[in-house]
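S.K.: My structure file protein14.pdb, PDB, C-alpha atoms, is below:
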ATOM      1  CA  MET A  17      43.742  28.887 -19.721
ATOM      2  CA  ALA A  18      44.290  28.518 -23.458
ATOM      3  CA  GLY A  19      42.921  25.350 -25.038
ATOM      4  CA  THR A  20      40.814  24.436 -22.016
ATOM      5  CA  ASN A  21      37.080  24.751 -22.323
ATOM      6  CA  THR A  22      35.300  23.871 -19.097
ATOM      7  CA  THR A  23      32.547  26.440 -19.268
ATOM      8  CA  PRO A  24      29.257  25.238 -17.804
ATOM      9  CA  SER A  25      27.556  25.693 -21.180
ATOM     10  CA  ARG A  26      29.715  22.825 -22.503
ATOM     11  CA  ILE A  27      28.665  20.417 -19.768
ATOM     12  CA  ASN A  28      25.437  18.712 -20.732
ATOM     13  CA  ARG A  29      23.431  17.185 -17.910
ATOM     14  CA  LEU A  30      20.058  17.543 -19.578
ATOM     15  CA  GLY A  31      17.476  14.902 -18.757
ATOM     16  CA  PHE A  32      13.762  14.385 -18.769
ATOM     17  CA  GLN A  33      11.043  12.306 -17.169
ATOM     18  CA  TYR A  34       9.058  10.214 -19.619
ATOM     19  CA  TYR A  35       5.326   9.451 -19.553
ATOM     20  CA  ASP A  36       3.992   7.789 -16.432
ATOM     21  CA  ASP A  37       1.988   5.100 -18.270
ATOM     22  CA  VAL A  38       2.556   2.002 -20.389
ATOM     23  CA  ASP A  39       0.964   3.443 -23.529
ATOM     24  CA  HIS A  40       4.095   5.333 -24.593
ATOM     25  CA  TYR A  41       6.633   2.489 -24.509
ATOM     26  CA  ASP A  42       5.860   1.381 -28.051
ATOM     27  CA  ASP A  43       7.865   1.716 -31.279
ATOM     28  CA  VAL A  44       5.661   4.529 -32.606
ATOM     29  CA  SER A  45       6.232   6.668 -29.495
ATOM     30  CA  LEU A  46       9.947   5.948 -29.540
ATOM     31  CA  ALA A  47      10.180   6.837 -33.239
ATOM     32  CA  PHE A  48       8.493  10.150 -32.421
ATOM     33  CA  TRP A  49      10.451  11.053 -29.261
ATOM     34  CA  LEU A  50      13.942   9.647 -29.820
ATOM     35  CA  PRO A  51      14.947  12.137 -32.546
ATOM     36  CA  LYS A  52      13.682  15.011 -30.393
ATOM     37  CA  LEU A  53      15.564  13.739 -27.332
ATOM     38  CA  LYS A  54      18.766  13.342 -29.361
ATOM     39  CA  GLU A  55      18.389  16.776 -30.932
ATOM     40  CA  ALA A  56      18.011  18.318 -27.474
ATOM     41  CA  GLY A  57      21.224  16.616 -26.330
ATOM     42  CA  THR A  58      19.448  14.504 -23.708
ATOM     43  CA  ARG A  59      21.869  12.577 -21.472
ATOM     44  CA  TRP A  60      19.399  10.706 -19.256
ATOM     45  CA  ILE A  61      15.700   9.948 -18.969
ATOM     46  CA  VAL A  62      13.543   8.747 -16.091
ATOM     47  CA  LEU A  63      11.280   5.932 -17.237
ATOM     48  CA  PRO A  64       8.444   5.400 -14.741
ATOM     49  CA  ILE A  65       6.773   2.003 -14.895
ATOM     50  CA  ALA A  66       4.072   0.367 -12.800
ATOM     51  CA  GLU A  67       5.093  -2.533 -10.603
ATOM     52  CA  THR A  68       3.032  -4.898 -12.763
ATOM     53  CA  ALA A  69       4.480  -3.870 -16.146
ATOM     54  CA  GLU A  70       7.841  -4.001 -17.918
ATOM     55  CA  ILE A  71       9.488  -1.542 -20.255
ATOM     56  CA  PRO A  72      10.136  -3.358 -23.546
ATOM     57  CA  GLU A  73      13.695  -4.422 -24.264
ATOM     58  CA  ASN A  74      13.794  -2.624 -27.620
ATOM     59  CA  PHE A  75      12.767   0.672 -26.019
ATOM     60  CA  ILE A  76      15.587   0.586 -23.475
ATOM     61  CA  ARG A  77      18.218  -0.649 -25.934
ATOM     62  CA  ARG A  78      17.450   2.049 -28.495
ATOM     63  CA  LEU A  79      17.692   4.788 -25.860
ATOM     64  CA  ALA A  80      21.029   3.423 -24.676
ATOM     65  CA  GLN A  81      22.311   3.130 -28.257
ATOM     66  CA  ALA A  82      21.442   6.813 -28.691
ATOM     67  CA  GLY A  83      23.625   7.662 -25.682
ATOM     68  CA  ILE A  84      20.695   8.321 -23.336
ATOM     69  CA  GLU A  85      21.003   6.749 -19.887
ATOM     70  CA  PRO A  86      17.682   5.269 -18.738
ATOM     71  CA  LEU A  87      16.809   5.581 -15.051
ATOM     72  CA  ILE A  88      14.063   3.064 -14.325
ATOM     73  CA  ARG A  89      11.553   4.185 -11.675
ATOM     74  CA  ILE A  90       9.597   1.102 -10.659
ATOM     75  CA  GLY A  91       6.294   1.862  -8.952
ATOM     76  CA  TYR A  92       6.787  -0.527  -6.059
ATOM     77  CA  SER A  93       4.614   0.301  -3.098
ATOM     78  CA  LEU A  94       5.675   0.488   0.522
ATOM     79  CA  LYS A  95       2.183  -0.786   1.307
ATOM     80  CA  ASN A  96       2.878  -4.057  -0.456
ATOM     81  CA  PRO A  97       6.572  -4.411  -1.332
ATOM     82  CA  PRO A  98       7.572  -7.230  -3.691
ATOM     83  CA  ALA A  99       9.207 -10.439  -2.554
ATOM     84  CA  LEU A 100      12.976 -10.003  -2.653
ATOM     85  CA  GLU A 101      13.364 -12.731  -5.291
ATOM     86  CA  VAL A 102      10.774 -11.065  -7.546
ATOM     87  CA  PHE A 103      12.671  -7.793  -7.159
ATOM     88  CA  ARG A 104      15.982  -9.527  -7.946
ATOM     89  CA  GLU A 105      14.550 -11.017 -11.161
ATOM     90  CA  ARG A 106      13.249  -7.658 -12.308
ATOM     91  CA  ILE A 107      16.495  -5.830 -11.592
ATOM     92  CA  ALA A 108      18.431  -8.602 -13.358
ATOM     93  CA  TYR A 109      16.207  -8.111 -16.426
ATOM     94  CA  TYR A 110      16.931  -4.378 -16.542
ATOM     95  CA  GLN A 111      20.633  -4.923 -15.825
ATOM     96  CA  SER A 112      20.817  -7.372 -18.749
ATOM     97  CA  LEU A 113      19.604  -4.529 -20.983
ATOM     98  CA  GLY A 114      22.390  -2.227 -19.808
ATOM     99  CA  VAL A 115      20.416  -0.265 -17.207
ATOM    100  CA  HIS A 116      22.638   1.228 -14.493
ATOM    101  CA  LEU A 117      20.143   3.222 -12.377
ATOM    102  CA  VAL A 118      16.954   2.030 -10.662
ATOM    103  CA  GLN A 119      14.648   3.876  -8.285
ATOM    104  CA  PHE A 120      11.847   2.402  -6.170
ATOM    105  CA  PHE A 121       9.560   3.278  -3.205
ATOM    106  CA  HIS A 122       8.619   6.761  -4.429
ATOM    107  CA  ASN A 123       7.716   9.433  -1.810
ATOM    108  CA  PRO A 124       8.339   7.512   1.419
ATOM    109  CA  ASN A 125       7.816  10.718   3.416
ATOM    110  CA  MET A 126       4.127  10.747   2.504
ATOM    111  CA  LYS A 127       1.468   9.067   4.624
ATOM    112  CA  ALA A 128      -0.332   7.847   1.482
ATOM    113  CA  SER A 129       2.730   5.742   0.568
ATOM    114  CA  TRP A 130       2.322   3.579   3.665
ATOM    115  CA  LYS A 131      -0.341   1.436   5.269
ATOM    116  CA  THR A 132      -1.922   3.541   8.011
ATOM    117  CA  SER A 133      -0.740   1.123  10.689
ATOM    118  CA  SER A 134       2.850   1.242   9.366
ATOM    119  CA  TRP A 135       2.886   5.034   9.194
ATOM    120  CA  GLN A 136       1.757   5.308  12.805
ATOM    121  CA  LYS A 137       4.371   2.905  14.218
ATOM    122  CA  ALA A 138       7.487   4.317  15.869
ATOM    123  CA  ASN A 139      10.819   4.543  14.035
ATOM    124  CA  LEU A 140       9.400   5.166  10.562
ATOM    125  CA  ILE A 141      12.724   6.159   9.032
ATOM    126  CA  GLU A 142      14.623   3.285  10.636
ATOM    127  CA  ARG A 143      12.059   0.859   9.247
ATOM    128  CA  PHE A 144      12.215   2.504   5.833
ATOM    129  CA  VAL A 145      16.023   2.407   5.713
ATOM    130  CA  SER A 146      15.993  -1.247   6.722
ATOM    131  CA  MET A 147      13.502  -2.108   3.969
ATOM    132  CA  PHE A 148      15.147   0.102   1.347
ATOM    133  CA  SER A 149      18.571  -1.347   2.178
ATOM    134  CA  SER A 150      17.371  -4.918   1.621
ATOM    135  CA  TYR A 151      16.315  -4.053  -1.923
ATOM    136  CA  ALA A 152      19.212  -1.689  -2.627
ATOM    137  CA  LYS A 153      21.731  -4.413  -1.728
ATOM    138  CA  ILE A 154      20.227  -6.563  -4.464
ATOM    139  CA  CYS A 155      20.805  -3.728  -6.920
ATOM    140  CA  VAL A 156      24.426  -3.353  -5.839
ATOM    141  CA  ASP A 157      24.974  -7.125  -6.072
ATOM    142  CA  LEU A 158      23.707  -6.966  -9.656
ATOM    143  CA  LYS A 159      25.933  -3.943 -10.489
ATOM    144  CA  VAL A 160      22.973  -1.568 -10.655
ATOM    145  CA  ILE A 161      23.013   1.723  -8.758
ATOM    146  CA  PRO A 162      20.053   2.186  -6.403
ATOM    147  CA  VAL A 163      18.622   5.691  -6.525
ATOM    148  CA  PHE A 164      17.231   6.957  -3.234
ATOM    149  CA  PRO A 165      13.548   7.699  -3.763
ATOM    150  CA  THR A 166      12.374  11.212  -4.351
ATOM    151  CA  LEU A 167      10.747  12.862  -1.368
ATOM    152  CA  THR A 168       7.817  15.230  -1.443
ATOM    153  CA  PRO A 169       8.978  18.709  -0.403
ATOM    154  CA  GLY A 170       7.224  19.670   2.821
ATOM    155  CA  GLY A 171       5.599  16.221   2.885
ATOM    156  CA  ASP A 172       3.720  14.628   5.742
ATOM    157  CA  TYR A 173       7.176  13.940   7.187
ATOM    158  CA  SER A 174       9.673  16.727   6.447
ATOM    159  CA  ASP A 175      11.672  15.789   3.362
ATOM    160  CA  LEU A 176      14.894  17.260   4.714
ATOM    161  CA  ALA A 177      14.563  15.528   8.071
ATOM    162  CA  PHE A 178      13.677  12.243   6.353
ATOM    163  CA  LEU A 179      16.660  12.443   4.019
ATOM    164  CA  SER A 180      19.085  13.567   6.706
ATOM    165  CA  GLU A 181      18.105  10.773   9.092
ATOM    166  CA  SER A 182      18.091   8.166   6.304
ATOM    167  CA  LEU A 183      21.622   9.101   5.252
ATOM    168  CA  ARG A 184      22.800   9.180   8.869
ATOM    169  CA  LEU A 185      21.415   5.697   9.472
ATOM    170  CA  MET A 186      22.935   4.304   6.307
ATOM    171  CA  LYS A 187      26.292   5.810   7.217
ATOM    172  CA  THR A 188      26.418   4.909  10.918
ATOM    173  CA  GLU A 189      25.345   1.312  10.449
ATOM    174  CA  GLY A 190      28.456   0.733   8.381
ATOM    175  CA  ASN A 191      26.135   0.303   5.470
ATOM    176  CA  ALA A 192      28.176   0.172   2.267
ATOM    177  CA  LEU A 193      25.139   1.392   0.328
ATOM    178  CA  ILE A 194      25.967   5.018   1.045
ATOM    179  CA  SER A 195      28.908   4.834  -1.375
ATOM    180  CA  ASN A 196      26.753   3.174  -4.053
ATOM    181  CA  LEU A 197      23.737   5.436  -3.762
ATOM    182  CA  PHE A 198      22.428   8.212  -5.984
ATOM    183  CA  LEU A 199      19.975  10.863  -4.840
ATOM    184  CA  ALA A 200      17.170  12.185  -7.015
ATOM    185  CA  ALA A 201      14.754  15.087  -6.974
ATOM    186  CA  ASP A 202      11.547  15.730  -8.850
TER
END
As structure tokens, what does this structure read like?

M.R.:
Amino acid sequence: MAGTNTTPSRINRLGFQYYDDVDHYDDVSLAFWLPKLKEAGTRWIVLPIAETAEIPENFIRRLAQAGIEPLIRIGYSLKNPPALEVFRERIAYYQSLGVHLVQFFHNPNMKASWKTSSWQKANLIERFVSMFSSYAKICVDLKVIPVFPTLTPGGDYSDLAFLSESLRLMKTEGNALISNLFLAAD
């Protein structure tokens, strides 16, 4: 078709995962990496952060101003999940900076992500979906898209079975989250 250019080479979905520590969220690191990310045509970046730290406002704002969508991956643990109000405050902080995507509870299909007693109880996925949904609803209420946590391929619990059952449960319970959910892969 003349005048229409929809070739895949014109569609840029390039993204990266940033450092998994707090040492690289400073102005010096951003001054070094931002030009390189822009030059590469980066559209999004995963910003991992520990549950006890925050990504500085300036860091997030400058990425967004450069047209790079930050996806915040908060290192919340299934072993000791945060109080819902603490979670709400943190998501509200990121939302106020223009963040649209947040991920939490990384690798729920791995035994190491859970307390031993929780892993061994029946209905692991049902319990996970119930917990995840409580936090994800807060995201949706704050106009932030919850990103389903990445699963370890061939993990202690099959990643495909875990994902399939999680999606089935979210769909069959009339859970509106399914229409507001993104999936991610490492």

S.K.: Could you state the separation of CA of Asn123 (chain A) and CA of Leu167 (chain A) in Å, given to one decimal place?

M.R.: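 Computing it gives 4.6 Å between the two atoms.
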
S.K.: Counting all atoms listed in the file, figure out which residue out of A:Phe198, A:Phe121, A:Phe148, A:Trp135 gets nearest to Tyr173 (chain A).

M.R.: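 Between A:Phe198, A:Phe121, A:Phe148, A:Trp135, the residue approaching Tyr173 (chain A) most closely is A:Trp135.
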
S.K.: For the PyMOL selection byres ((chain A and resi 67-77) around 6), applied here, can you spell out every residue it catches as a PDB file with C-alpha atoms, in the coordinates of the input?

M.R.:
ATOM      1  CA  ALA A  66       4.072   0.367 -12.800  1.00  0.00           C
ATOM      2  CA  ARG A  78      17.450   2.049 -28.495  1.00  0.00           C
ATOM      3  CA  LEU A  79      17.692   4.788 -25.860  1.00  0.00           C
ATOM      4  CA  ALA A  80      21.029   3.423 -24.676  1.00  0.00           C
ATOM      5  CA  ILE A  90       9.597   1.102 -10.659  1.00  0.00           C
ATOM      6  CA  GLY A  91       6.294   1.862  -8.952  1.00  0.00           C
ATOM      7  CA  TYR A  92       6.787  -0.527  -6.059  1.00  0.00           C
TER       8      TYR A  92
END

S.K.: How many Å lie between CA of Ala152 (chain A) and CA of Leu117 (chain A), rounded to one decimal?

M.R.: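 Rounded to one decimal, the two atoms are 11.0 Å apart.
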
S.K.: Any chance you could work out the residue set of the PyMOL selection byres ((chain A and resi 98-108) around 12) here, as a count of residues only?

M.R.: 46

S.K.: Would you write out, as a PDB file with C-alpha atoms, in the frame of the given file, every residue that the PyMOL selection byres ((chain A and resi 175) around 12) captures in this file?

M.R.:
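See result-v8.pdb below for the written result:
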ATOM      1  CA  ASN A 123       7.716   9.433  -1.810  1.00  0.00           C
ATOM      2  CA  PRO A 124       8.339   7.512   1.419  1.00  0.00           C
ATOM      3  CA  ASN A 125       7.816  10.718   3.416  1.00  0.00           C
ATOM      4  CA  MET A 126       4.127  10.747   2.504  1.00  0.00           C
ATOM      5  CA  ILE A 141      12.724   6.159   9.032  1.00  0.00           C
ATOM      6  CA  PRO A 165      13.548   7.699  -3.763  1.00  0.00           C
ATOM      7  CA  THR A 166      12.374  11.212  -4.351  1.00  0.00           C
ATOM      8  CA  LEU A 167      10.747  12.862  -1.368  1.00  0.00           C
ATOM      9  CA  THR A 168       7.817  15.230  -1.443  1.00  0.00           C
ATOM     10  CA  PRO A 169       8.978  18.709  -0.403  1.00  0.00           C
ATOM     11  CA  GLY A 170       7.224  19.670   2.821  1.00  0.00           C
ATOM     12  CA  GLY A 171       5.599  16.221   2.885  1.00  0.00           C
ATOM     13  CA  ASP A 172       3.720  14.628   5.742  1.00  0.00           C
ATOM     14  CA  TYR A 173       7.176  13.940   7.187  1.00  0.00           C
ATOM     15  CA  SER A 174       9.673  16.727   6.447  1.00  0.00           C
ATOM     16  CA  LEU A 176      14.894  17.260   4.714  1.00  0.00           C
ATOM     17  CA  ALA A 177      14.563  15.528   8.071  1.00  0.00           C
ATOM     18  CA  PHE A 178      13.677  12.243   6.353  1.00  0.00           C
ATOM     19  CA  LEU A 179      16.660  12.443   4.019  1.00  0.00           C
ATOM     20  CA  SER A 180      19.085  13.567   6.706  1.00  0.00           C
ATOM     21  CA  GLU A 181      18.105  10.773   9.092  1.00  0.00           C
ATOM     22  CA  SER A 182      18.091   8.166   6.304  1.00  0.00           C
ATOM     23  CA  ALA A 201      14.754  15.087  -6.974  1.00  0.00           C
TER      24      ALA A 201
END

S.K.: Can you work out the spacing between CA of Asp36 (chain A) and CA of Phe144 (chain A) in Å, to one decimal?

M.R.: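 Separation of CA of Asp36 (chain A) and CA of Phe144 (chain A): 24.3 Å.
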
S.K.: Let me make sure I understand: among A:Ile194, A:Ala138, A:Ala200, A:Leu30, which one has the smallest atom-to-atom distance to Trp60 (chain A) if we use all atoms listed in the file?

M.R.: A:Leu30

S.K.: Find the residues around Thr58 (chain A) up to 8 Å (all atoms listed in the file counted), leave out those fewer than 4 positions away in its own chain, and share them as a ChimeraX atom specification.

M.R.: /A:28-32,53-54,84

S.K.: Please determine, counting only C-alpha atoms, which residue among A:Ala82, A:Asn139, A:Asn196, A:Thr188 has the shortest atom-to-atom distance to Leu50 (chain A).

M.R.: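 Closest candidate: A:Ala82.
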
S.K.: Axis-aligned box over every listed atom of region 130-135 of chain A, padded by 3 Å per side: centre and edges in Å to one decimal, as JSON?

M.R.:
{"center_x": 0.5, "center_y": 3.1, "center_z": 7.2, "size_x": 10.8, "size_y": 9.9, "size_z": 13.0}

S.K.: For Tyr35 (chain A), which of A:Phe164, A:Val62, A:His122, A:Leu199 is the closest residue, counting only C-alpha atoms?

M.R.: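 Going through A:Phe164, A:Val62, A:His122, A:Leu199 one by one, the smallest distance to Tyr35 (chain A) is for A:Val62.
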
S.K.: Ranking A:Val163, A:Glu142, A:Lys137, A:Lys131 by minimum distance to Met186 (chain A) and counting all atoms listed in the file, which one comes first?

M.R.: A:Glu142
